[in-house]
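As structure tokens, the structure follows; a few thoughts come after it.
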Amino acid sequence: LTRTRSATLYGGINGRSAAGWPAGRWAPAKASAGGGASSPKEDGWGKKVATPPKEPPPAWLTKNAWSGRPAGAGAGKRPPATINADQHGSDPKRGRMQPGSDQLAACDADGRPYNLRDVVVNFANVGASYGKKVLGKRPELGHRIFDWDGVRLACRHLRLELGMNVIGVIFENFWGADKGGEERNMPPDITALCDSIEETPRLTGVNQKSADDEMTIKCAWRRNCRFMDNDNYRDWKRELRNEKCRQWLEKTQDFLQMRYYFDSKLGSFDTLDGNIPPGILASGLAAQPQNRHWEGRGAVRPGR
């Protein structure tokens with residue numbers, strides 16, 4: 001009696017009675033050759049056929065059109081967004097490269113990647129600009145316009161704010177005023193801010209008066225890095241003896257030369273970065289004529 005009740009209960013749970021199988025379900029197995037009933041797996045009873053749903057799932061469940069199966073893991077994923085070659089640094093949406101970025105994907109004519117971490121600074125140009133703009137010194141009155149404080153402000157900005165390695169270029173044994181005071185050689189705090197100091201030899205001759213400018217260009221060319229000087233270098237782009245260096249200057253000046261200014265009232269220093277992304281300048285696209293969509297709006301009128 002106990003066994004009969006257990007069998008009845010088990011059959012009720014599984015949707016069949018102990019006496020027989022309901023219509024449309026698995027039928028009892030025939031006796032096998034060994035005298036026992038074969039298992040459902042042996043006769044293929046246990047195989048369930050997956051049937052697609054009669055109606056497609058709601059639109060909120062799948063992003064794509066109904067294809068006969070629900071959207072699985074990753075079915076609605078979008079391809080990863082691509083970043084243009086000129087989008088680097090901490091502001092990729094605008095395609096700008098911050099001056100502290102290491103390198104750019106573009107290369108120069110010799111296949112060397114541009115190094116935007118280092119900058120060669122013409123100390124004489126920076127110190128003289130500070131003396132004229134901030135201190136109000138005038139060379140026509142016999143004033144020595146160079147001041148070390150302008151160099152100090154530039155090095156602090158480049159090193160501490162932009163994270164760049166500063167390579168200074170200055171004439172050897174150079175002396176100048178510091179904060180309008182007595183003249184002295186290079187202050188030690190400026191030396192500490194620089195990665196290296198390259199001294200220009202003091203040479204005689206009319207053609208050697210701008211030796212520090214030539215050395216600034218060549219130091220930057222050897223490193224394929226940026227250089228800071230407000231001189232336009234028009235003469236050097238024509239007269240530079242080294243052909244490779246001259247071609248490098250012609251092609252990369254707009255991209256690699258850093259400009260700057262001093263606020264005459266605040267005495268602060270800052271760079272002038274321009275409004276064209278470095279990647280476009282490096283690829284040469286900036287020299288191509290830009291499409292001006294507003295020029296042709298009123299050109300054609302009905303009846304003409």
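Ligands are numbered from 1 in the order shown, chains are lettered A, B, ... in the order of the structure tokens, and residues start at 1 in each chain.
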
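For Arg156 (chain A), the set of protein, DNA and RNA residues having any atom at most 7 Å away, when counting only C-alpha atoms and skipping those fewer than 4 positions along the same chain, is Arg152, Leu160 and Leu193 of chain A.
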
- [ ] Could you pull out the residues in region 161-262 of chain A that DSSP calls alpha helix (DSSP H) from the backbone, as a count of residues only?
- [x] 39

- [ ] Tell me which of A:Asp229, A:Asp189, A:Leu158, A:Ile167 sits closest to Gly127 (chain A), counting only C-alpha atoms.
- [x] A:Asp229

TODO: Report the distance between CA of Gly205 (chain A) and CA of Asn122 (chain A) in Å, rounded to one decimal place.
DONE: 20.8 Å

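Of the listed residues A:Thr204, A:Ser210, A:Thr252, A:Asn185, the one whose atoms come nearest to Ile280 (chain A) is A:Thr252, with distances taken using only C-alpha atoms.
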